[in-house]
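**Q** Provided herewith is a single structure, encoded as structure tokens, for subsequent inquiry.
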Amino acid sequence: MITVEDWAEIRRLHRSEGMAIKAIARQLGVARNTVRSALASDSPPKYERKNAGSKLDAVEPQIRALLAATPTMPATVIAERIGWERSSSILRARVAELRPLFVPPDPADRTQYTAGEIVQCDLWFPGRVVPVGDDVLADPPVLTMVAAWSGFIMALLIPTRTTGDLLAGMWQLLSATLGAVPKTLVWDNESGIGQRRRLTVPARAFAGTLGTRIYQARPRDPETKGMIERANGYFETSFMPGRTFASPADFNAQLTGWLPWANDRVLRPTGVRPAARIGTDAAAMAELPPVAPTTGLTTRVRLGRDYYVRVLGNDYSVDPSVIGRFVDVAADLTTVTVTCAGHVVAVHQRCWDTRQTITDPAHVATAAVLRQAHQARHRTPAAPARETGVGMRALTDYDELFALGAMDDLHAGDGLYEEACQ
């Protein structure tokens with residue numbers, strides 16, 4: 001068989017040099033019929049080996065019948081049904097080749113985004129790398145958000161994945177970083193936002209205050225928020241390597257310093273830097289609401305004698321002067337504030353650890369003063385002194401009391417009776 005090099009040289013000599021077939025055959029040392037075949041062929045020669053067939057050819061009709069009845073039947077089950085005892089890899093390859101003929105295609109369109117329309121949201125967990133106490137490393141979630149049209153990335157480490165913290169994180173990123181509200185916030189089935197496509201009551205109130213819509217993707221549908229999934233992978237490969245953190249605040253400080261660099265890279269789908277497009281993206285969004293939405297944790301409890309309130313697994317002290325009264329507890333991402341009738345009675349930095357007791361020394365001092373005052377008011381007065389002398393009675397008093405004189409007369413009468421009998 002003629003090689004590709006000979007085929008190309010024959011055609012060059014004939015077309016460019018004008019050489020005759022006989023001259024070409026003599027110069028290259030090939031047959032004249034070979035030269036004629038090369039000149040007649042417009043494509044280079046290709047070696048094709050004759051297909052020797054496979055043992056599967058005999059059972060392919062059975063495989064087709066099984067796939068026609070059940071297109072999703074696994075290759076292992078097909079092997080059992082047809083009695084295949086040879087290589088399983090060969091069977092899997094043939095089944096993979098035949099299965100598309102019986103399974104209807106499910107194409108996925110490439111999503112086209114509009115400026116100001118969508119911001120995708122998700123949680124990314126960096127691992128146990130964040131110190132939250134003495135020798136305690138935690139794995140708190142990082143709330144990540146991506147403006148779909150511009151590809152602009154926003155992120156913030158938050159204490160927990162509870163509803164209050166998720167809403168507080170979203171509000172901080174939308175208000176402080178983006179400065180606008182998109183038409184739709186896309187989430188997966190995060191329990192703090194809602195499940196089975198039913199939003200939690202705080203999430204519905206949050207969306208209503210902002211005048212936006214929270215859309216939850218269907219289960220096992222990662223294409224719905226593919227941009228945020230790629231961003232999470234980018235955090236893993238570009239932000240985390242080689243970094244150490246001293247506290248949650250240090251993590252957020254390093255993340256804030258890194259994000260401008262991340263948003264200044266050129267994206268392959270658009271060929272533009274996200275930082276250059278975010279202005280147009282935000283301009284197409286709605287303005288921030290005049291009143292901030294309710295975020296964080298809020299609750300009302302009656303303060304007991306143990307003047308502490310529990311917030312997400314930690315106990316915080318409260319001014320004991322309001323013991324027995326109702327207090328309002330509000331926890332945002334950084335602070336726990338307790339008020340009573342509109343007056344602040346406790347302010348603590350929020351603890352990211354669990355099962356901790358956070359005490360204000362001023363509250364302990366106030367409790368000691370109140371305890372002393374209470375004991376002074378309820379102290380029992382001392383009883384008057386009582387005389388401890390013991391009185392003495394004459395023995396005759398006991399004789400009269402127990403009629404001992406009559407008993408003596410009775411015993412005397414008994415003696416006279418005995419003398420008479422003798």
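The chains in the structure tokens are called A, B, ... from first to last as shown; in each chain the residues are counted from 1, and the ligands are counted from 1 in the order shown.
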So that I can see what lies close to region 281-298 of chain A, please list as a PyMOL selection string the residues with an atom at most 8 Å from it, counting only C-alpha atoms and leaving out residues fewer than 3 positions away in the same chain.
**A** chain A and resi 115-117+147+149-150+163-165+167-168+171+175+178-183+202+205-206+209-211+277-278+328-333
**Q** Include N, CA, C and O atoms and write out the residues we just selected as a short mmCIF file (atom, residue, chain, number, x, y, z; two decimals), in the first residue's frame.
**A**
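selection.cif, freshly written:
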data_model
loop_
_atom_site.label_atom_id
_atom_site.label_comp_id
_atom_site.auth_asym_id
_atom_site.auth_seq_id
_atom_site.Cartn_x
_atom_site.Cartn_y
_atom_site.Cartn_z
N ALA A 115 -28.42 40.96 32.40
CA ALA A 115 -27.87 41.83 33.44
C ALA A 115 -28.94 42.13 34.49
O ALA A 115 -30.09 42.46 34.16
N GLY A 116 -28.57 41.98 35.76
CA GLY A 116 -29.46 42.30 36.86
C GLY A 116 -30.48 41.25 37.19
O GLY A 116 -31.32 41.47 38.06
N GLU A 117 -30.42 40.11 36.52
CA GLU A 117 -31.49 39.13 36.67
C GLU A 117 -31.25 38.15 37.82
O GLU A 117 -32.13 37.95 38.68
N ALA A 147 -22.96 36.96 40.87
CA ALA A 147 -23.84 37.64 39.92
C ALA A 147 -23.67 36.97 38.55
O ALA A 147 -22.59 37.00 37.97
N TRP A 149 -24.65 37.31 35.36
CA TRP A 149 -24.32 37.95 34.09
C TRP A 149 -22.87 38.41 34.06
O TRP A 149 -22.16 38.21 33.08
N SER A 150 -22.40 39.00 35.14
CA SER A 150 -21.04 39.53 35.18
C SER A 150 -20.04 38.51 35.68
O SER A 150 -18.84 38.65 35.41
N THR A 163 -31.14 29.67 59.56
CA THR A 163 -31.84 30.65 58.72
C THR A 163 -31.39 32.07 59.02
O THR A 163 -31.12 32.86 58.10
N GLY A 164 -31.30 32.42 60.31
CA GLY A 164 -30.93 33.79 60.66
C GLY A 164 -29.57 34.19 60.15
O GLY A 164 -29.38 35.30 59.63
N ASP A 165 -28.58 33.29 60.26
CA ASP A 165 -27.23 33.61 59.78
C ASP A 165 -27.17 33.67 58.26
O ASP A 165 -26.45 34.50 57.69
N LEU A 167 -29.61 34.58 56.19
CA LEU A 167 -30.23 35.84 55.77
C LEU A 167 -29.35 37.03 56.11
O LEU A 167 -29.23 37.97 55.32
N ALA A 168 -28.70 36.98 57.29
CA ALA A 168 -27.82 38.08 57.67
C ALA A 168 -26.62 38.16 56.72
O ALA A 168 -26.19 39.26 56.33
N TRP A 171 -27.81 39.59 53.32
CA TRP A 171 -28.06 41.03 53.40
C TRP A 171 -26.76 41.82 53.45
O TRP A 171 -26.63 42.86 52.81
N SER A 175 -26.00 44.41 50.48
CA SER A 175 -26.01 45.83 50.83
C SER A 175 -24.63 46.45 50.80
O SER A 175 -24.44 47.55 50.28
N LEU A 178 -22.61 44.52 46.87
CA LEU A 178 -23.27 44.71 45.58
C LEU A 178 -24.01 46.03 45.52
O LEU A 178 -24.03 46.70 44.48
N GLY A 179 -24.66 46.42 46.60
CA GLY A 179 -25.38 47.69 46.63
C GLY A 179 -26.66 47.69 45.83
O GLY A 179 -27.18 48.75 45.46
N ALA A 180 -27.22 46.52 45.55
CA ALA A 180 -28.44 46.41 44.76
C ALA A 180 -29.08 45.06 45.04
O ALA A 180 -28.49 44.19 45.69
N VAL A 181 -30.30 44.86 44.52
CA VAL A 181 -31.05 43.62 44.74
C VAL A 181 -31.40 43.02 43.39
O VAL A 181 -32.07 43.66 42.57
N PRO A 182 -30.95 41.79 43.09
CA PRO A 182 -31.29 41.16 41.80
C PRO A 182 -32.76 40.74 41.77
O PRO A 182 -33.44 40.70 42.80
N LYS A 183 -33.21 40.37 40.60
CA LYS A 183 -34.59 39.92 40.47
C LYS A 183 -34.81 38.55 41.10
O LYS A 183 -35.90 38.26 41.59
N PRO A 202 -39.10 33.09 57.65
CA PRO A 202 -38.16 34.22 57.58
C PRO A 202 -37.61 34.46 56.18
O PRO A 202 -37.38 35.62 55.80
N ALA A 205 -40.22 36.35 54.27
CA ALA A 205 -40.26 37.74 54.71
C ALA A 205 -39.06 38.52 54.18
O ALA A 205 -39.18 39.69 53.79
N PHE A 206 -37.89 37.89 54.15
CA PHE A 206 -36.69 38.53 53.62
C PHE A 206 -36.87 38.89 52.15
O PHE A 206 -36.58 40.01 51.72
N THR A 209 -39.34 41.83 51.77
CA THR A 209 -38.78 43.14 52.12
C THR A 209 -37.88 43.66 51.01
O THR A 209 -37.89 44.85 50.69
N LEU A 210 -37.10 42.77 50.40
CA LEU A 210 -36.20 43.18 49.33
C LEU A 210 -36.91 43.33 47.99
O LEU A 210 -36.36 43.93 47.06
N GLY A 211 -38.12 42.79 47.87
CA GLY A 211 -38.82 42.85 46.60
C GLY A 211 -38.20 41.96 45.55
O GLY A 211 -38.17 42.30 44.37
N ARG A 277 -17.66 44.38 34.56
CA ARG A 277 -19.07 44.24 34.18
C ARG A 277 -20.03 44.44 35.35
O ARG A 277 -21.23 44.57 35.14
N ILE A 278 -19.51 44.41 36.59
CA ILE A 278 -20.42 44.44 37.72
C ILE A 278 -21.19 45.75 37.81
O ILE A 278 -22.33 45.78 38.29
N ASP A 328 -35.49 40.67 75.38
CA ASP A 328 -35.41 40.38 73.94
C ASP A 328 -33.96 40.13 73.57
O ASP A 328 -33.09 40.97 73.82
N VAL A 329 -33.71 38.97 72.94
CA VAL A 329 -32.37 38.56 72.55
C VAL A 329 -32.24 38.67 71.04
O VAL A 329 -33.07 38.12 70.30
N ALA A 330 -31.22 39.37 70.57
CA ALA A 330 -30.96 39.52 69.13
C ALA A 330 -29.50 39.18 68.87
O ALA A 330 -28.60 39.74 69.51
N ALA A 331 -29.27 38.24 67.95
CA ALA A 331 -27.90 37.83 67.61
C ALA A 331 -27.69 38.03 66.12
O ALA A 331 -28.40 37.44 65.30
N ASP A 332 -26.71 38.86 65.76
CA ASP A 332 -26.32 38.97 64.36
C ASP A 332 -25.03 38.18 64.14
O ASP A 332 -24.69 37.32 64.96
N LEU A 333 -24.30 38.45 63.08
CA LEU A 333 -23.13 37.64 62.77
C LEU A 333 -21.98 37.86 63.74
O LEU A 333 -21.10 37.00 63.87
#
**Q** Run DSSP on the backbone and grab whatever in region 184-404 of chain A lands in strand (DSSP E or B); send it over as JSON, numbers by chain.
**A** {"A": [184, 185, 186, 187, 194, 195, 198, 199, 213, 214, 215, 216, 286, 297, 298, 299, 300, 301, 302, 308, 309, 310, 311, 314, 315, 316, 317, 326, 327, 328, 329, 330, 331, 335, 336, 337, 338, 339, 340, 343, 344, 345, 346, 347, 348, 349, 357, 358]}
**Q** Would you kindly return, as an MDAnalysis selection string, each protein, DNA or RNA residue with an atom no farther than 10 Å from any atom of Asn189 (chain A), considering only C-alpha atoms and excluding same-chain residues fewer than 4 positions away?
**A** chainID A and resid 122 193:199 215:220
**Q** What would the file look like if the residues just selected were written as a compact mmCIF listing (two decimals), in the first residue's frame with C-alpha atoms?
**A**
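Printed below is result.txt as written:
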# COMPACT_ATOMS: atom_id res chain seq x y z
CA ASP A 122 -24.48 28.43 47.90
CA ILE A 193 -33.80 28.61 53.18
CA GLY A 194 -36.47 25.96 52.62
CA GLN A 195 -37.04 22.37 51.62
CA ARG A 196 -39.18 20.72 48.97
CA ARG A 197 -39.31 24.14 47.29
CA ARG A 198 -41.19 25.63 50.25
CA LEU A 199 -39.35 28.60 51.74
CA TYR A 215 -35.88 30.25 43.64
CA GLN A 216 -34.88 26.79 44.86
CA ALA A 217 -33.47 24.41 42.27
CA ARG A 218 -34.77 20.89 41.84
CA PRO A 219 -32.84 18.10 43.57
CA ARG A 220 -29.92 16.69 41.60
**Q** So which residues of region 269-306 of chain A fall under helix (DSSP H, G or I) by DSSP, listed as a list of chain:residue names?
**A**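 DSSP on the backbone gives helix (DSSP H, G or I) at A:Pro274, A:Ala275, A:Ala276, A:Arg277, A:Ile278, A:Gly279, A:Thr280, A:Asp281, A:Ala282, A:Ala283.
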**Q** In Å to one decimal, how far is CA of Pro140 (chain A) from CA of Thr162 (chain A)?
**A**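 These two atoms are separated by 11.2 Å.
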**Q** Determine the nearest neighbour of Ala246 (chain A) from the options A:Ala69, A:Ile63, A:Ala38, A:Val132, counting only C-alpha atoms.
**A**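 Once distances to Ala246 (chain A) are computed over only C-alpha atoms, the minimum belongs to A:Val132.
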**Q** When you look at region 250-252 of chain A with a cut-off of 9 Å (counting only C-alpha atoms), what residues show up, excluding the ones that are within fewer than 3 positions of it in the same chain? I need them as a short mmCIF file (atom, residue, chain, number, x, y, z; two decimals) with all heavy atoms, in the first residue's frame.
**A**
data_model
loop_
_atom_site.label_atom_id
_atom_site.label_comp_id
_atom_site.auth_asym_id
_atom_site.auth_seq_id
_atom_site.Cartn_x
_atom_site.Cartn_y
_atom_site.Cartn_z
N VAL A 130 -10.48 26.90 60.90
CA VAL A 130 -10.78 28.20 61.52
C VAL A 130 -10.77 28.04 63.04
O VAL A 130 -11.63 27.35 63.59
CB VAL A 130 -12.14 28.74 61.05
CG1 VAL A 130 -12.39 30.11 61.65
CG2 VAL A 130 -12.19 28.81 59.53
N ALA A 155 -18.30 36.64 48.89
CA ALA A 155 -18.20 35.54 49.85
C ALA A 155 -18.03 36.11 51.25
O ALA A 155 -17.47 37.20 51.43
CB ALA A 155 -17.05 34.60 49.50
N LEU A 156 -18.51 35.34 52.24
CA LEU A 156 -18.44 35.76 53.64
C LEU A 156 -18.53 34.53 54.52
O LEU A 156 -19.44 33.70 54.36
CB LEU A 156 -19.58 36.73 53.98
CG LEU A 156 -19.66 37.22 55.42
CD1 LEU A 156 -18.48 38.15 55.73
CD2 LEU A 156 -20.99 37.94 55.66
N LEU A 157 -17.59 34.39 55.47
CA LEU A 157 -17.65 33.31 56.45
C LEU A 157 -18.70 33.66 57.49
O LEU A 157 -18.70 34.75 58.06
CB LEU A 157 -16.29 33.13 57.12
CG LEU A 157 -16.17 31.96 58.10
CD1 LEU A 157 -16.10 30.64 57.34
CD2 LEU A 157 -14.93 32.12 58.97
N THR A 244 -3.20 30.02 56.48
CA THR A 244 -3.57 29.69 57.86
C THR A 244 -4.34 30.87 58.42
O THR A 244 -4.18 32.02 57.98
CB THR A 244 -2.33 29.41 58.72
OG1 THR A 244 -1.47 30.56 58.69
CG2 THR A 244 -1.58 28.19 58.22
N PHE A 245 -5.18 30.58 59.42
CA PHE A 245 -6.08 31.60 59.94
C PHE A 245 -6.00 31.63 61.46
O PHE A 245 -5.85 30.59 62.11
CB PHE A 245 -7.52 31.33 59.49
CG PHE A 245 -7.64 31.10 58.01
CD1 PHE A 245 -7.72 29.80 57.50
CD2 PHE A 245 -7.66 32.16 57.13
CE1 PHE A 245 -7.82 29.57 56.15
CE2 PHE A 245 -7.75 31.94 55.76
CZ PHE A 245 -7.84 30.63 55.27
N ALA A 246 -6.11 32.83 62.02
CA ALA A 246 -6.04 33.01 63.47
C ALA A 246 -7.41 33.05 64.11
O ALA A 246 -7.55 32.77 65.30
CB ALA A 246 -5.28 34.29 63.80
N SER A 247 -8.45 33.39 63.35
CA SER A 247 -9.80 33.53 63.89
C SER A 247 -10.77 33.67 62.72
O SER A 247 -10.34 33.85 61.57
CB SER A 247 -9.88 34.76 64.80
OG SER A 247 -9.65 35.94 64.04
N LEU A 255 -10.09 36.75 53.07
CA LEU A 255 -11.01 36.53 51.95
C LEU A 255 -11.36 37.84 51.27
O LEU A 255 -11.39 37.93 50.03
CB LEU A 255 -12.27 35.83 52.46
CG LEU A 255 -13.31 35.42 51.43
CD1 LEU A 255 -12.72 34.43 50.43
CD2 LEU A 255 -14.53 34.81 52.11
N THR A 256 -11.61 38.87 52.06
CA THR A 256 -11.93 40.18 51.49
C THR A 256 -10.77 40.74 50.68
O THR A 256 -10.97 41.38 49.64
CB THR A 256 -12.32 41.16 52.62
OG1 THR A 256 -13.43 40.62 53.35
CG2 THR A 256 -12.70 42.51 52.06
N GLY A 257 -9.54 40.50 51.15
CA GLY A 257 -8.39 40.98 50.41
C GLY A 257 -8.13 40.21 49.13
O GLY A 257 -7.53 40.76 48.18
#
**Q** Kindly indicate which residue among A:Val369, A:Gly133, A:Leu174, A:Gly169 lies nearest to Arg355 (chain A), using only C-alpha atoms for the distances.
**A**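 When distances to Arg355 (chain A) are compared using only C-alpha atoms, the smallest one comes from A:Gly133.
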